[in-house]
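Asker: Sharing final_15.tsv (TSV, C-alpha atoms) below.
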chain	number	residue	atom	x	y	z
A	1119	MET	CA	-151.60	12.21	17.64
A	1120	ALA	CA	-148.89	14.13	18.86
A	1121	ASP	CA	-146.46	15.37	16.42
A	1122	GLN	CA	-143.71	12.96	15.90
A	1123	GLN	CA	-140.59	14.21	17.46
A	1124	ARG	CA	-137.82	14.83	15.04
A	1125	VAL	CA	-134.47	13.39	15.86
A	1126	HIS	CA	-131.53	15.63	14.95
A	1127	PRO	CA	-128.01	14.20	14.98
A	1128	VAL	CA	-125.85	15.56	17.72
A	1129	HIS	CA	-122.11	16.12	17.02
A	1130	ASP	CA	-119.85	14.16	19.34
A	1131	PRO	CA	-116.82	16.27	20.23
A	1132	GLU	CA	-114.73	13.19	21.11
A	1133	ALA	CA	-115.31	11.51	17.78
A	1134	PRO	CA	-112.25	11.51	15.45
A	1135	VAL	CA	-112.26	13.95	12.66
A	1136	PRO	CA	-112.25	12.19	9.32
A	1137	GLU	CA	-109.15	12.89	7.24
A	1138	GLN	CA	-109.82	15.04	4.29
A	1139	LYS	CA	-107.78	14.51	1.16
A	1140	PRO	CA	-106.66	17.65	-0.58
A	1141	THR	CA	-108.24	18.17	-3.88
A	1142	ALA	CA	-105.14	19.86	-5.33
A	1143	PRO	CA	-101.39	19.41	-4.54
A	1144	LEU	CA	-99.89	22.05	-2.33
A	1145	VAL	CA	-96.70	22.17	-4.41
A	1146	PRO	CA	-96.66	21.44	-8.11
A	1147	ARG	CA	-94.85	18.31	-9.19
A	1148	GLY	CA	-91.20	18.80	-10.12
A	1149	SER	CA	-90.91	21.88	-7.88
A	1150	SER	CA	-88.64	22.01	-4.84
A	1151	ARG	CA	-90.23	25.06	-3.29
A	1152	SER	CA	-91.69	24.87	0.17
A	1153	GLU	CA	-93.28	27.29	2.54
A	1154	ASN	CA	-89.84	28.58	3.45
A	1155	GLY	CA	-88.99	29.20	-0.19
A	1156	ASP	CA	-86.15	27.70	-2.30
A	1157	PRO	CA	-83.65	26.02	0.08
A	1158	THR	CA	-80.77	26.65	-2.28
A	1159	SER	CA	-81.44	30.37	-2.28
A	1160	ASN	CA	-81.09	30.63	1.51
A	1161	HIS	CA	-77.45	29.22	1.63
A	1162	PRO	CA	-74.45	31.51	0.96
A	1163	PRO	CA	-72.48	30.87	-2.23
A	1164	PRO	CA	-69.40	28.61	-1.88
A	1165	PRO	CA	-66.05	30.36	-1.31
A	1166	LEU	CA	-63.87	31.01	-4.32
A	1167	HIS	CA	-60.88	28.66	-4.71
A	1168	ARG	CA	-57.67	29.95	-6.20
A	1169	THR	CA	-56.57	27.81	-9.10
A	1170	VAL	CA	-52.86	26.81	-9.17
A	1171	PRO	CA	-51.30	25.64	-12.43
A	1172	TYR	CA	-50.36	21.95	-12.40
A	1173	ALA	CA	-46.66	21.18	-12.37
A	1174	PRO	CA	-45.49	17.54	-12.38
A	1175	LEU	CA	-43.21	16.62	-9.50
A	1176	LYS	CA	-39.64	15.61	-10.31
A	1177	PRO	CA	-38.75	12.07	-9.39
A	1178	PRO	CA	-36.49	11.89	-6.33
A	1179	LYS	CA	-32.80	11.44	-7.07
A	1180	LYS	CA	-31.37	8.07	-6.24
A	1181	ARG	CA	-28.46	8.16	-3.85
A	1182	LYS	CA	-25.37	6.43	-5.08
A	1183	SER	CA	-24.13	3.70	-2.83
A	1184	CYS	CA	-20.71	3.84	-1.15
A	1185	CYS	CA	-19.54	0.82	-3.16
A	1186	LYS	CA	-20.18	2.57	-6.46
A	1187	LYS	CA	-18.32	5.67	-5.28
A	1188	CYS	CA	-15.35	3.62	-4.12
A	1189	LEU	CA	-15.30	1.71	-7.39
A	1190	CYS	CA	-15.39	4.92	-9.42
A	1191	TRP	CA	-12.57	6.44	-7.37
A	1192	THR	CA	-10.46	3.29	-7.67
A	1193	ILE	CA	-10.89	3.12	-11.44
A	1194	SER	CA	-10.07	6.82	-11.75
A	1195	LEU	CA	-6.88	6.43	-9.69
A	1196	LEU	CA	-5.81	3.39	-11.71
A	1197	LEU	CA	-6.34	5.23	-14.97
A	1198	LEU	CA	-4.39	8.21	-13.64
A	1199	LEU	CA	-1.56	5.93	-12.52
A	1200	ILE	CA	-1.45	4.21	-15.92
A	1201	LEU	CA	-1.38	7.60	-17.62
A	1202	LEU	CA	1.50	8.81	-15.42
A	1203	LEU	CA	3.46	5.60	-16.01
A	1204	GLY	CA	2.92	5.94	-19.75
A	1205	ILE	CA	4.16	9.53	-19.73
A	1206	THR	CA	7.21	8.54	-17.65
A	1207	ALA	CA	8.02	5.61	-19.95
A	1208	ALA	CA	7.72	7.85	-23.01
A	1209	ILE	CA	10.09	10.43	-21.48
A	1210	ILE	CA	12.63	7.74	-20.57
A	1211	TYR	CA	12.41	6.16	-24.01
A	1212	PHE	CA	12.88	9.36	-26.01
A	1213	VAL	CA	15.45	10.98	-23.71
A	1214	PHE	CA	17.62	8.03	-22.61
A	1215	GLN	CA	16.92	5.59	-25.50
A	1216	PRO	CA	17.34	2.40	-23.40
A	1217	LYS	CA	18.80	-0.76	-24.92
A	1218	ILE	CA	18.82	-4.30	-23.56
A	1219	PRO	CA	22.15	-5.51	-22.12
A	1220	LYS	CA	23.81	-8.44	-23.85
A	1221	TYR	CA	25.43	-11.51	-22.30
A	1222	SER	CA	27.47	-14.34	-23.74
A	1223	VAL	CA	29.26	-17.42	-22.38
A	1224	ASP	CA	32.74	-17.35	-23.85
A	1225	SER	CA	34.53	-20.28	-22.26
A	1226	MET	CA	34.17	-22.96	-19.60
A	1227	ARG	CA	36.74	-24.95	-17.65
A	1228	ILE	CA	35.90	-28.01	-15.58
A	1229	SER	CA	38.08	-28.34	-12.49
A	1230	GLN	CA	36.24	-31.27	-10.95
A	1231	PHE	CA	33.65	-33.70	-12.30
A	1232	ASN	CA	33.89	-36.96	-10.36
A	1233	LEU	CA	31.57	-39.62	-8.99
A	1234	GLY	CA	32.31	-40.34	-5.32
A	1235	SER	CA	32.04	-43.55	-3.33
A	1236	ASP	CA	28.58	-42.54	-2.09
A	1237	ASN	CA	27.33	-42.19	-5.72
A	1238	SER	CA	27.32	-38.40	-5.45
A	1239	LEU	CA	28.59	-36.32	-8.37
A	1240	THR	CA	30.83	-33.39	-7.49
A	1241	ALA	CA	31.20	-30.66	-10.14
A	1242	THR	CA	33.26	-27.46	-10.20
A	1243	PHE	CA	33.08	-25.17	-13.23
A	1244	ASN	CA	34.82	-21.90	-14.06
A	1245	VAL	CA	32.76	-19.91	-16.54
A	1246	ASN	CA	33.77	-16.74	-18.36
A	1247	ILE	CA	30.75	-14.50	-19.07
A	1248	THR	CA	30.86	-11.24	-21.02
A	1249	ALA	CA	28.32	-8.55	-20.04
A	1250	ARG	CA	27.83	-5.60	-22.40
A	1251	ASN	CA	25.99	-2.36	-21.64
A	1252	PRO	CA	25.25	-0.61	-24.96
A	1253	ASN	CA	23.44	2.41	-23.43
A	1254	LYS	CA	24.84	5.94	-23.72
A	1255	ARG	CA	23.08	7.48	-20.67
A	1256	ILE	CA	22.16	4.44	-18.53
A	1257	GLY	CA	24.36	2.73	-15.95
A	1258	ILE	CA	23.73	-0.63	-14.24
A	1259	TYR	CA	24.37	-1.50	-10.59
A	1260	TYR	CA	24.72	-5.27	-10.07
A	1261	GLU	CA	23.58	-5.92	-6.49
A	1262	ASN	CA	24.17	-8.77	-4.06
A	1263	GLY	CA	21.92	-11.81	-4.11
A	1264	SER	CA	22.48	-13.03	-7.67
A	1265	ARG	CA	22.33	-16.73	-8.53
A	1266	LEU	CA	23.75	-18.67	-11.48
A	1267	SER	CA	23.15	-22.38	-12.11
A	1268	VAL	CA	24.32	-24.96	-14.68
A	1269	LEU	CA	21.76	-27.69	-15.38
A	1270	TYR	CA	21.68	-30.88	-17.41
A	1271	ARG	CA	18.18	-32.13	-18.37
A	1272	GLY	CA	16.66	-30.22	-15.45
A	1273	THR	CA	19.20	-31.49	-12.87
A	1274	ARG	CA	21.34	-28.80	-11.23
A	1275	LEU	CA	25.04	-29.67	-11.47
A	1276	CYS	CA	26.57	-26.58	-9.86
A	1277	GLU	CA	25.76	-22.97	-8.92
A	1278	GLY	CA	27.37	-19.67	-7.95
A	1279	SER	CA	26.82	-15.90	-7.98
A	1280	LEU	CA	27.98	-12.72	-9.68
A	1281	PRO	CA	30.10	-10.15	-7.85
A	1282	ARG	CA	28.68	-6.75	-6.95
A	1283	PHE	CA	29.88	-4.01	-9.30
A	1284	TYR	CA	28.78	-0.98	-11.35
A	1285	GLN	CA	28.80	-1.08	-15.13
A	1286	GLY	CA	29.02	2.33	-16.76
A	1287	HIS	CA	27.86	3.64	-20.14
A	1288	ARG	CA	28.89	1.59	-23.15
A	1289	ASN	CA	30.94	-0.71	-20.98
A	1290	THR	CA	31.98	-4.33	-21.57
A	1291	THR	CA	32.88	-6.42	-18.52
A	1292	VAL	CA	34.32	-9.97	-18.55
A	1293	LEU	CA	33.44	-11.98	-15.44
A	1294	ASN	CA	35.12	-15.19	-14.27
A	1295	ILE	CA	32.62	-17.05	-12.09
A	1296	ALA	CA	33.25	-20.19	-10.06
A	1297	LEU	CA	30.32	-22.62	-9.86
A	1298	ALA	CA	30.29	-25.65	-7.56
A	1299	GLY	CA	27.75	-28.28	-6.58
A	1300	GLN	CA	27.04	-31.85	-5.56
A	1301	THR	CA	24.33	-34.19	-6.85
A	1302	ARG	CA	23.27	-37.25	-4.88
A	1303	ASP	CA	22.48	-40.65	-6.43
A	1304	ALA	CA	24.05	-39.55	-9.71
A	1305	THR	CA	25.01	-42.95	-11.14
A	1306	GLY	CA	22.12	-42.97	-13.62
A	1307	LEU	CA	22.69	-39.29	-14.43
A	1308	LEU	CA	26.35	-39.87	-15.29
A	1309	GLN	CA	25.52	-42.89	-17.47
A	1310	SER	CA	22.86	-40.90	-19.37
A	1311	LEU	CA	25.29	-38.02	-19.87
A	1312	GLN	CA	28.03	-40.30	-21.26
A	1313	ALA	CA	25.58	-42.09	-23.56
A	1314	GLU	CA	24.29	-38.81	-25.00
A	1315	GLN	CA	27.84	-37.55	-25.46
A	1316	GLN	CA	28.75	-40.62	-27.52
A	1317	ALA	CA	25.52	-40.58	-29.55
A	1318	ALA	CA	25.23	-36.86	-30.34
A	1319	GLY	CA	28.89	-35.89	-30.04
A	1320	GLY	CA	28.11	-33.26	-27.41
A	1321	VAL	CA	26.33	-32.47	-24.15
A	1322	PRO	CA	23.47	-29.92	-23.90
A	1323	LEU	CA	23.63	-27.62	-20.85
A	1324	ASN	CA	21.47	-24.79	-19.57
A	1325	LEU	CA	22.84	-21.74	-17.77
A	1326	ARG	CA	20.23	-19.83	-15.73
A	1327	GLY	CA	20.77	-16.59	-13.89
A	1328	ARG	CA	18.74	-14.34	-11.56
A	1329	VAL	CA	20.58	-11.07	-11.12
A	1330	PRO	CA	19.19	-8.15	-9.06
A	1331	VAL	CA	20.16	-4.79	-10.57
A	1332	ARG	CA	19.38	-1.09	-10.17
A	1333	ILE	CA	19.22	1.22	-13.15
A	1334	ARG	CA	20.85	4.65	-13.08
A	1335	LEU	CA	19.30	7.35	-15.28
A	1336	GLY	CA	21.65	10.31	-15.18
A	1337	ARG	CA	21.92	11.00	-11.43
A	1338	LEU	CA	18.69	9.19	-10.59
A	1339	LYS	CA	18.96	5.66	-9.17
A	1340	LEU	CA	15.77	3.66	-9.74
A	1341	MET	CA	14.26	0.78	-7.80
A	1342	GLU	CA	15.61	-2.75	-7.89
A	1343	TRP	CA	14.88	-4.93	-10.91
A	1344	ARG	CA	15.80	-8.51	-11.78
A	1345	PHE	CA	17.61	-9.69	-14.87
A	1346	LEU	CA	16.59	-13.21	-15.89
A	1347	VAL	CA	19.22	-14.79	-18.15
A	1348	ARG	CA	18.69	-18.10	-19.95
A	1349	CYS	CA	21.52	-19.58	-22.02
A	1350	ARG	CA	21.48	-22.85	-23.94
A	1351	LEU	CA	24.92	-24.35	-24.51
A	1352	MET	CA	26.24	-27.28	-26.47
A	1353	VAL	CA	29.66	-28.46	-25.26
A	1354	ASP	CA	31.83	-31.21	-26.66
A	1355	SER	CA	32.41	-33.11	-23.40
A	1356	LEU	CA	32.38	-32.97	-19.61
A	1357	SER	CA	35.59	-34.30	-18.14
A	1358	ALA	CA	37.69	-33.22	-15.17
A	1359	ASP	CA	40.74	-30.94	-15.57
A	1360	SER	CA	39.87	-29.91	-19.10
A	1361	VAL	CA	38.80	-26.84	-21.05
A	1362	VAL	CA	35.36	-27.39	-22.53
A	1363	ARG	CA	34.85	-26.28	-26.10
A	1364	ILE	CA	31.51	-24.51	-26.53
A	1365	ARG	CA	30.01	-25.39	-29.91
A	1366	ASN	CA	26.86	-23.33	-29.68
A	1367	SER	CA	25.61	-20.65	-27.29
A	1368	ARG	CA	22.30	-18.77	-27.31
A	1369	CYS	CA	21.12	-16.48	-24.50
A	1370	ARG	CA	17.79	-14.83	-23.76
A	1371	PHE	CA	17.15	-11.93	-21.45
A	1372	LYS	CA	14.13	-10.73	-19.44
A	1373	LEU	CA	13.62	-7.86	-17.04
A	1374	ARG	CA	11.20	-8.07	-14.07
A	1375	LEU	CA	10.36	-5.98	-11.05
Would you encode the structure as structure tokens?

Answerer:
Amino acid sequence: MADQQRVHPVHDPEAPVPEQKPTAPLVPRGSSRSENGDPTSNHPPPPLHRTVPYAPLKPPKKRKSCCKKCLCWTISLLLLLILLLGITAAIIYFVFQPKIPKYSVDSMRISQFNLGSDNSLTATFNVNITARNPNKRIGIYYENGSRLSVLYRGTRLCEGSLPRFYQGHRNTTVLNIALAGQTRDATGLLQSLQAEQQAAGGVPLNLRGRVPVRIRLGRLKLMEWRFLVRCRLMVDSLSADSVVRIRNSRCRFKLRL
């Protein structure tokens, strides 16, 4: 019997090569090395940075509004003006020593005080007023435009004005002033006046005056001021063609720009 033919396996070149698992790891665990070496060692070191000390920034300044600036300037100018006025008033007070003028109603004569056919009351008074200037270095110019009125219970009976004149230092001037007026529908007014005269034995009257003046300090003539004079009178009667006896007289004085 012929020898049995042995069959030997033939390697197929087209057959896939079985994958072989490595028996040992190529790189130990926990190591970052590779065939190209340590990747961190191949990069250049980072550039050096210059350290600058920290300084906190200042907050930006707030710009003041125009309104605040205008308000500040206005207040400053007002304070300066008040200061200058105070200094001027102090100089005038200590140098010139101003004193308030004095006024008094000395006598009164009624030329006319009649009720007409149309129930209108016509009154004409002549009043003597004494004006005194007690100042040593201050003169008074009485200007045009003054107004004097005689009133009974708020009703104007007559009115007039002062003449224009200059009153010097420590001067006393007696003025005779004519006052005239007419009141319509005065029947009730005349009856009330007569009843009060009989009950109280007198008639209360008010004399009011607005007098524009200019003050003279040495050679300096100041701006125009206004004297406000208020006098309360008590007379015995109001009858035509008679001299009225003044029982009581009290005057007040104010000065205004």

Asker: State, in Å with one decimal place, the distance from atom CA of Gly1299 of chain A to atom CA of Gln1316 of chain A.

Answerer: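 Distance between the two atoms: 24.3 Å.
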
Asker: Atom CA of Ser1267 of chain A and atom CA of Thr1242 of chain A, how far apart in Å?

Answerer: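 Atom-to-atom, atom CA of Thr1242 of chain A and atom CA of Ser1267 of chain A are spaced 11.5 Å apart.
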
Asker: Identify, on the basis of all atoms listed in the file, every residue whose closest approach to Gly1257 of chain A does not exceed 8 Å; exclude the query and any residue fewer than 4 positions from it along the same chain; express the result as a VMD selection string.

Answerer: chain A and resid 1251 1253 1284 to 1287 1333 to 1335

Asker: Which residue is closest to Phe1214 of chain A? Choose from A:Glu1342, A:Phe1231, A:Arg1255, A:Ile1193 and count all atoms listed in the file.

Answerer: A:Arg1255

Asker: Rounded to one decimal, what separation in Å do you get between atom CA of Val1268 of chain A and atom CA of Asn1324 of chain A?

Answerer: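 Spanning atom CA of Val1268 of chain A to atom CA of Asn1324 of chain A is a straight-line distance of 5.7 Å.
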